[in-house]
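Student: See run.cif below, with mmCIF, C-alpha atoms.
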```
data_coords
loop_
_atom_site.label_atom_id
_atom_site.label_comp_id
_atom_site.auth_asym_id
_atom_site.auth_seq_id
_atom_site.Cartn_x
_atom_site.Cartn_y
_atom_site.Cartn_z
CA MET A 1 132.53 37.11 28.42
CA SER A 2 131.34 39.58 30.98
CA ILE A 3 127.87 40.84 31.59
CA ASN A 4 127.54 44.41 30.44
CA PHE A 5 124.46 45.97 31.98
CA ASP A 6 124.23 48.63 29.28
CA SER A 7 124.00 46.11 26.49
CA ALA A 8 122.01 43.60 28.51
CA LEU A 9 119.28 46.04 29.44
CA GLY A 10 119.13 47.78 26.08
CA LEU A 11 117.08 50.91 25.64
CA HIS A 12 114.74 50.35 28.55
CA PRO A 13 116.57 52.28 31.31
CA ASP A 14 116.83 55.31 29.00
CA ALA A 15 113.20 54.96 27.99
CA LEU A 16 112.17 54.75 31.64
CA ARG A 17 114.07 57.89 32.55
CA ILE A 18 112.69 59.88 29.64
CA ARG A 19 109.19 58.65 30.44
CA SER A 20 109.53 59.85 34.03
CA GLN A 21 110.87 63.22 32.88
CA ARG A 22 108.02 63.50 30.40
CA ALA A 23 105.58 62.68 33.20
CA GLU A 24 107.05 65.56 35.18
CA MET A 25 106.65 67.92 32.27
CA LEU A 26 103.06 66.86 31.58
CA SER A 27 102.16 67.18 35.25
CA SER A 28 103.62 70.68 35.20
CA ASN A 29 101.34 71.44 32.25
CA ILE A 30 98.24 70.13 34.01
CA THR A 31 99.07 71.92 37.25
CA ASN A 32 99.48 75.19 35.35
CA ALA A 33 96.21 74.74 33.46
CA ASP A 34 94.85 77.92 35.09
CA THR A 35 98.02 80.01 35.01
CA PRO A 36 97.80 83.01 32.67
CA ASN A 37 100.38 83.07 29.87
CA TYR A 38 101.66 79.59 30.66
CA LYS A 39 102.75 77.75 27.53
CA ALA A 40 102.33 73.98 27.51
CA ARG A 41 105.46 72.04 26.67
CA ASP A 42 106.28 68.50 25.78
CA ILE A 43 109.21 66.29 24.88
CA ASP A 44 109.59 64.58 21.53
CA PHE A 45 110.07 61.12 22.96
CA LYS A 46 111.58 59.63 19.81
CA ASP A 47 114.24 62.33 19.53
CA ALA A 48 114.96 62.30 23.25
CA LEU A 49 115.42 58.53 23.25
CA LYS A 50 117.63 58.65 20.18
CA MET A 51 119.71 61.35 21.82
CA ALA A 52 119.91 59.52 25.12
CA SER A 53 120.87 56.19 23.58
CA SER A 54 123.50 57.69 21.29
CA GLY A 55 124.66 60.14 23.93
CA GLN A 56 125.39 62.62 21.17
CA PRO A 57 124.52 66.18 22.21
CA ASN A 58 125.65 66.37 25.80
CA ASN A 59 128.47 63.95 25.46
CA ILE A 60 131.50 65.39 27.16
CA LYS A 61 134.65 64.45 25.34
CA THR A 62 136.66 61.88 27.25
CA THR A 63 140.39 62.18 26.85
CA HIS A 64 141.41 59.45 29.23
CA ALA A 65 140.34 55.86 29.54
CA ASN A 66 139.34 56.39 33.18
CA HIS A 67 137.05 59.31 32.46
CA PHE A 68 133.41 58.67 33.05
CA SER A 69 131.29 58.56 29.99
CA THR A 70 128.27 60.86 29.94
CA SER A 71 126.49 58.90 27.27
CA GLY A 72 122.92 57.96 27.94
CA GLY A 73 122.74 61.23 29.79
CA GLN A 74 120.36 64.11 30.13
CA PHE A 75 118.67 65.89 27.35
CA SER A 76 119.21 69.51 26.54
CA SER A 77 116.60 72.21 26.42
CA LEU A 78 116.42 71.76 22.66
CA ASP A 79 114.28 68.67 23.04
CA VAL A 80 111.52 70.51 24.84
CA LYS A 81 108.97 71.82 22.42
CA TYR A 82 105.94 74.01 22.81
CA ARG A 83 102.57 72.53 22.20
CA THR A 84 100.53 73.86 19.25
CA VAL A 85 97.20 75.16 20.42
CA LEU A 86 93.95 73.93 18.97
CA GLN A 87 92.01 76.77 20.46
CA ASP A 88 93.35 80.08 21.72
CA SER A 89 92.40 81.30 25.14
CA LEU A 90 92.06 84.88 26.30
CA ASP A 91 94.67 84.64 29.04
CA GLY A 92 97.42 83.34 26.76
CA ASN A 93 97.43 79.88 28.33
CA THR A 94 98.00 77.04 25.87
CA VAL A 95 97.21 74.08 28.11
CA ASP A 96 94.50 71.82 26.73
CA GLU A 97 93.51 69.77 29.75
CA GLN A 98 92.09 66.89 27.74
CA VAL A 99 95.19 66.57 25.57
CA GLU A 100 97.52 66.76 28.57
CA HIS A 101 95.49 64.25 30.48
CA THR A 102 95.45 61.65 27.71
CA GLN A 103 99.16 62.20 27.11
CA PHE A 104 99.87 61.75 30.80
CA MET A 105 97.86 58.54 30.92
CA GLU A 106 99.52 57.20 27.78
CA ASN A 107 102.90 58.11 29.19
CA SER A 108 102.24 56.33 32.46
CA VAL A 109 101.01 53.19 30.71
CA LYS A 110 104.13 53.16 28.58
CA TYR A 111 106.23 53.77 31.66
CA GLN A 112 104.76 50.63 33.16
CA ALA A 113 105.44 48.78 29.91
CA SER A 114 109.09 49.82 30.03
CA LEU A 115 109.13 48.81 33.66
CA SER A 116 107.94 45.28 32.89
CA PHE A 117 110.41 45.00 30.02
CA LEU A 118 113.19 45.99 32.38
CA GLY A 119 111.95 43.55 35.01
CA ALA A 120 111.98 40.79 32.42
CA LYS A 121 115.54 41.68 31.48
CA PHE A 122 116.59 41.39 35.12
CA LYS A 123 114.84 38.04 35.35
CA ASP A 124 116.77 36.89 32.27
CA LEU A 125 120.03 37.97 33.88
CA LEU A 126 119.15 36.13 37.09
CA THR A 127 118.39 33.01 35.09
CA ALA A 128 121.76 33.36 33.39
CA VAL A 129 123.53 33.78 36.73
CA ARG A 130 121.79 30.88 38.42
CA GLY A 131 121.97 28.67 35.37
CA ASP A 132 118.96 26.59 36.29
CA MET B 133 114.19 61.07 40.18
CA SER B 134 111.68 63.05 38.19
CA LEU B 135 108.66 61.22 39.48
CA PHE B 136 109.23 62.56 42.98
CA ASN B 137 109.12 66.12 41.64
CA ILE B 138 105.60 65.46 40.43
CA PHE B 139 104.44 65.35 44.03
CA ASP B 140 105.80 68.86 44.55
CA ILE B 141 104.23 70.09 41.34
CA ALA B 142 100.85 68.49 41.94
CA GLY B 143 100.96 69.59 45.57
CA SER B 144 101.56 73.21 44.60
CA GLY B 145 98.65 72.93 42.20
CA MET B 146 96.41 71.53 44.91
CA SER B 147 97.23 74.28 47.39
CA ALA B 148 96.76 76.97 44.73
CA GLN B 149 93.42 75.54 43.70
CA SER B 150 92.26 75.20 47.30
CA LEU B 151 93.15 78.85 47.88
CA ARG B 152 91.10 79.71 44.83
CA LEU B 153 88.24 77.66 46.24
CA ASN B 154 88.69 79.52 49.52
CA THR B 155 88.38 82.95 47.91
CA THR B 156 85.37 81.72 45.95
CA ALA B 157 83.76 80.62 49.20
CA SER B 158 84.51 83.99 50.75
CA ASN B 159 83.07 85.79 47.72
CA LEU B 160 79.93 83.68 47.63
CA ALA B 161 79.41 84.10 51.35
CA ASN B 162 79.58 87.86 50.95
CA VAL B 163 77.35 88.02 47.92
CA ASP B 164 74.67 89.87 49.87
CA SER B 165 76.92 91.88 52.16
CA VAL B 166 76.08 95.54 52.40
CA SER B 167 77.90 98.44 53.98
CA SER B 168 77.32 102.11 54.66
CA SER B 169 80.22 103.49 52.61
CA ILE B 170 81.69 102.65 49.24
CA ASP B 171 85.18 102.11 50.71
CA GLU B 172 84.08 99.50 53.20
CA THR B 173 82.09 97.47 50.71
CA TYR B 174 83.20 93.91 50.09
CA ARG B 175 84.79 93.49 46.66
CA ALA B 176 85.12 90.11 44.96
CA ARG B 177 88.64 88.71 45.29
CA HIS B 178 90.42 86.53 42.78
CA PRO B 179 93.84 84.87 43.04
CA VAL B 180 96.55 85.47 40.44
CA PHE B 181 98.37 82.30 39.45
CA ALA B 182 101.96 82.20 38.25
CA THR B 183 104.39 79.42 37.41
CA VAL B 184 107.25 78.78 39.83
CA LEU B 185 110.34 78.05 37.81
CA ASN B 186 112.36 76.72 40.67
CA ASP B 187 116.02 75.92 40.10
CA ALA B 188 115.47 72.48 41.52
CA TYR B 189 112.81 71.91 38.92
CA SER B 190 114.51 73.49 35.96
CA LYS B 191 117.66 71.43 36.09
CA GLN B 192 118.89 70.01 32.81
CA GLY B 193 117.37 72.94 30.98
CA MET B 194 113.96 71.44 31.47
CA GLN B 195 111.77 74.30 32.57
CA VAL B 196 109.07 72.65 34.56
CA GLY B 197 107.48 73.95 37.67
CA GLY B 198 104.49 74.12 39.92
CA VAL B 199 102.10 76.95 40.39
CA GLU B 200 101.95 79.61 43.06
CA VAL B 201 99.50 82.31 44.02
CA ARG B 202 101.12 85.71 43.41
CA GLY B 203 98.43 87.56 45.21
CA LEU B 204 94.79 88.42 45.34
CA VAL B 205 93.23 91.12 43.21
CA GLU B 206 89.99 92.82 44.07
CA SER B 207 87.38 93.10 41.40
CA THR B 208 86.96 96.58 39.94
CA ALA B 209 83.36 95.98 38.92
CA SER B 210 81.09 98.81 39.87
CA ILE B 211 79.42 98.76 43.28
CA ARG B 212 75.67 99.00 43.31
CA LYS B 213 74.10 101.44 45.75
CA GLU B 214 70.54 101.17 46.78
CA TYR B 215 68.22 103.62 48.48
CA MET B 216 67.10 101.92 51.69
CA PRO B 217 66.60 104.60 54.38
CA SER B 218 65.19 102.13 56.87
CA HIS B 219 68.24 99.87 56.68
CA PRO B 220 70.36 100.02 59.86
CA LEU B 221 73.53 100.37 57.77
CA ALA B 222 72.21 103.16 55.56
CA ASP B 223 74.40 106.25 55.31
CA THR B 224 73.20 109.80 56.00
CA GLU B 225 71.59 110.04 52.58
CA GLY B 226 69.84 106.71 53.05
CA TYR B 227 71.93 104.56 50.74
CA VAL B 228 73.47 101.12 51.34
CA TYR B 229 76.24 99.71 49.17
CA HIS B 230 76.10 96.15 47.86
CA SER B 231 79.18 94.01 47.22
CA ASN B 232 80.19 93.54 43.59
CA VAL B 233 80.35 89.72 43.74
CA ASP B 234 78.93 88.09 40.61
CA PRO B 235 77.58 84.69 41.70
CA ILE B 236 77.73 83.31 38.15
CA ILE B 237 81.44 84.04 37.83
CA GLU B 238 82.03 82.58 41.27
CA MET B 239 80.15 79.37 40.49
CA ALA B 240 82.12 78.93 37.27
CA ASN B 241 85.34 79.57 39.20
CA MET B 242 84.33 77.05 41.81
CA MET B 243 83.72 74.35 39.23
CA SER B 244 86.98 75.07 37.44
CA ALA B 245 88.93 75.03 40.71
CA SER B 246 87.44 71.74 41.84
CA ARG B 247 88.11 70.09 38.46
CA SER B 248 91.70 71.31 38.48
CA TYR B 249 92.13 70.09 42.04
CA GLN B 250 90.86 66.66 41.01
CA ASN B 251 93.28 66.61 38.07
CA ASN B 252 96.18 67.27 40.42
CA VAL B 253 95.05 64.56 42.82
CA GLU B 254 94.82 62.10 39.96
CA ILE B 255 98.31 62.97 38.78
CA ALA B 256 99.74 62.49 42.25
CA ASN B 257 97.96 59.15 42.47
CA THR B 258 99.23 57.93 39.11
CA SER B 259 102.76 58.96 40.00
CA LYS B 260 102.48 57.12 43.29
CA GLN B 261 101.46 53.96 41.46
CA LEU B 262 104.34 54.31 39.02
CA LEU B 263 106.81 54.79 41.86
CA LEU B 264 105.46 51.77 43.72
CA ARG B 265 105.75 49.70 40.59
CA THR B 266 109.32 50.94 40.15
CA LEU B 267 110.17 49.87 43.67
CA GLN B 268 109.05 46.37 42.79
CA LEU B 269 111.36 46.23 39.78
CA GLY B 270 113.17 42.91 39.48
CA GLN B 271 111.11 41.13 42.07
#
```
Would it be possible to restate this file's structure as structure tokens?

Tutor:
Amino acid sequence: MSINFDSALGLHPDALRIRSQRAEMLSSNITNADTPNYKARDIDFKDALKMASSGQPNNIKTTHANHFSTSGGQFSSLDVKYRTVLQDSLDGNTVDEQVEHTQFMENSVKYQASLSFLGAKFKDLLTAVRGD
Amino acid sequence: MSLFNIFDIAGSGMSAQSLRLNTTASNLANVDSVSSSIDETYRARHPVFATVLNDAYSKQGMQVGGVEVRGLVESTASIRKEYMPSHPLADTEGYVYHSNVDPIIEMANMMSASRSYQNNVEIANTSKQLLLRTLQLGQ
């Protein structure tokens, strides 16, 4: 029996990556809060995680055993959705600072949660290796 | 690593907002400026913000980006002229021209710019914490 990192670590590395990409997107929204005609965007985390863990959409077909698998890879532009506005603004900007801010905070807390899960997984592996 | 890009994004936001604060300061300082001709009169300036969709940012089809200042536009609000023959800057007909800065607009702009700046600082801070926590992974 060999240790397979993909199965040992589970969803957490994917979750962590999507969380960090979502953080980037949300920070882009907040930074552009005063840009005319900027449309706020967000990622559907559930879909992105499902896509990343199954590796479905961007999965390049492997025809040889030595080909690298692209599963658990990047998400396509389809996952990025525009935010629905609660209140229109004159300059065509759809960033709601309060919404973006709470989403960013929630995202960073969940990032830290994923981080501790991943840390615990590594601790488990170390325990398994050391055997004590 | 996406979290590092946040520093670029938040940094661009901070510099754009500080430029906005700069123009506001310039406008407010010139609120009472007068001149002797309508062409030389100080006009309120406002920055135009635009999103930078950098290739480095928009990899993987994810269109994210910082903000940049495209330029400054001068306000087209009408310039008030006042009859002050004793003023040293009065023209031949005795008029001086006041700048078209609206202090209320400028104060609102100032508050908005400082709030947005603070938001960007907070984002950079949060990202820094997340990165530091990531560095400690597995320890």

Student: Within 6 Å of chain B, which residues of chain A show up when using all atoms listed in the file, listed as a list in words?

Tutor: Ser20, Gln21, Glu24, Met25, Ser28, Thr31, Asn32, Thr35, Ser76, Ser77, Gly119 and Phe122 of chain A

Student: How would you write, as a PyMOL selection string, the residues chosen by the PyMOL selection byres ((chain A and resi 109) around 12) on this structure?

Tutor: (chain A and resi 16+19-20+23+102-108+110-116) or (chain B and resi 258-259+261-262+265)

Student: Nearest to Asn162 in chain B: which of B:Ala209, B:Leu267, B:Val253, B:Val233 is it, counting only C-alpha atoms?

Tutor: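 Smallest separation from Asn162 in chain B among the options: B:Val233.
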
Student: Can you work out the spacing between CA of Thr156 in chain B and CA of Ile211 in chain B in Å, to one decimal?

Tutor: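 Those two atoms sit 18.2 Å apart.
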
Student: With the PyMOL selection byres ((chain B and resi 155) around 10) as the selection, what would be picked from this file? Answer as a list in words, please.

Tutor: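 Applying the PyMOL selection byres ((chain B and resi 155) around 10) to the structure shown produces Gln149, Ser150, Leu151, Arg152, Leu153, Asn154, Thr156, Ala157, Ser158, Asn159, Leu160, Ala161, Ala176, Arg177, His178, Pro179, Leu204, Glu238, Asn241 and Met242 of chain B.
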
Student: CA of Ser89 in chain A and CA of His101 in chain A, how far apart in Å?

Tutor: 18.1 Å

Student: If the PyMOL selection byres ((chain A and resi 8) around 12) were run on this exact file, what residues would it hold? Put them as a list in words.

Tutor: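 That selection, the PyMOL selection byres ((chain A and resi 8) around 12), comes back as Ser2, Ile3, Asn4, Phe5, Asp6, Ser7, Leu9, Gly10, Leu11, His12, Pro13, Phe117, Leu118, Gly119, Ala120, Lys121, Phe122, Lys123, Asp124, Leu125, Leu126 and Ala128 of chain A.
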
Student: Work out how far apart CA of Lys81 in chain A and CA of Phe45 in chain A are and give it in Å to one decimal.

Tutor: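 Distance between the two atoms: 10.8 Å.
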
Student: Using all atoms listed in the file, which protein or nucleic acid residues come within 6 Å of Tyr229 in chain B? Drop anything in the same chain fewer than 4 positions from it, and give the result as a ChimeraX atom specification.

Tutor: /B:166-167,212-213

Student: In terms of the shortest atom-to-atom distance over only C-alpha atoms, which of A:Asp91, A:Asp79, A:Asp14, A:Asp132 is closest to Arg41 in chain A?

Tutor: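 Going through A:Asp91, A:Asp79, A:Asp14, A:Asp132 one by one, the smallest distance to Arg41 in chain A is for A:Asp79.
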
Student: Quick one: of A:Arg22, A:Gln87, A:Asn93, A:Tyr82, who's nearest to Leu49 in chain A, counting all atoms listed in the file?

Tutor: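 Ranking A:Arg22, A:Gln87, A:Asn93, A:Tyr82 by distance to Leu49 in chain A, first place goes to A:Arg22.
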
Student: Is there a way to complete range 241-265 of chain B with N, CA and C atoms and then write that out as a compact mmCIF listing (two decimals), in the coordinates of the input?

Tutor:
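part.txt, freshly written:
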```
# COMPACT_ATOMS: atom_id res chain seq x y z
N ASN B 241 84.02 79.68 38.58
CA ASN B 241 85.34 79.57 39.20
C ASN B 241 85.42 78.37 40.11
N MET B 242 84.36 78.16 40.85
CA MET B 242 84.33 77.05 41.81
C MET B 242 84.44 75.72 41.07
N MET B 243 83.68 75.59 39.98
CA MET B 243 83.72 74.35 39.23
C MET B 243 85.10 74.13 38.63
N SER B 244 85.66 75.18 38.05
CA SER B 244 86.98 75.07 37.44
C SER B 244 88.03 74.69 38.48
N ALA B 245 87.95 75.33 39.66
CA ALA B 245 88.93 75.03 40.71
C ALA B 245 88.80 73.59 41.17
N SER B 246 87.58 73.11 41.32
CA SER B 246 87.44 71.74 41.84
C SER B 246 87.89 70.72 40.80
N ARG B 247 87.62 71.00 39.51
CA ARG B 247 88.11 70.09 38.46
C ARG B 247 89.64 70.07 38.43
N SER B 248 90.25 71.25 38.52
CA SER B 248 91.70 71.31 38.48
C SER B 248 92.31 70.60 39.69
N TYR B 249 91.66 70.78 40.83
CA TYR B 249 92.13 70.09 42.04
C TYR B 249 92.10 68.58 41.82
N GLN B 250 90.98 68.09 41.26
CA GLN B 250 90.86 66.66 41.01
C GLN B 250 91.94 66.17 40.04
N ASN B 251 92.21 66.98 39.01
CA ASN B 251 93.28 66.61 38.07
C ASN B 251 94.59 66.42 38.79
N ASN B 252 94.91 67.36 39.70
CA ASN B 252 96.18 67.27 40.42
C ASN B 252 96.22 66.04 41.32
N VAL B 253 95.09 65.75 41.96
CA VAL B 253 95.05 64.56 42.82
C VAL B 253 95.30 63.31 41.98
N GLU B 254 94.67 63.29 40.80
CA GLU B 254 94.82 62.10 39.96
C GLU B 254 96.27 61.92 39.50
N ILE B 255 96.91 63.04 39.21
CA ILE B 255 98.31 62.97 38.78
C ILE B 255 99.18 62.45 39.91
N ALA B 256 98.95 62.96 41.11
CA ALA B 256 99.74 62.49 42.25
C ALA B 256 99.52 61.00 42.47
N ASN B 257 98.28 60.56 42.30
CA ASN B 257 97.96 59.15 42.47
C ASN B 257 98.65 58.28 41.44
N THR B 258 98.58 58.70 40.18
CA THR B 258 99.23 57.93 39.11
C THR B 258 100.73 57.83 39.36
N SER B 259 101.33 58.98 39.74
CA SER B 259 102.76 58.96 40.00
C SER B 259 103.10 58.04 41.15
N LYS B 260 102.24 58.02 42.15
CA LYS B 260 102.48 57.12 43.29
C LYS B 260 102.48 55.68 42.83
N GLN B 261 101.51 55.34 41.97
CA GLN B 261 101.46 53.96 41.46
C GLN B 261 102.71 53.62 40.67
N LEU B 262 103.14 54.57 39.84
CA LEU B 262 104.34 54.31 39.02
C LEU B 262 105.55 54.10 39.92
N LEU B 263 105.67 54.93 40.96
CA LEU B 263 106.81 54.79 41.86
C LEU B 263 106.78 53.46 42.59
N LEU B 264 105.56 53.06 43.01
CA LEU B 264 105.46 51.77 43.72
C LEU B 264 105.84 50.62 42.80
N ARG B 265 105.40 50.74 41.55
CA ARG B 265 105.75 49.70 40.59
C ARG B 265 107.26 49.68 40.37
```
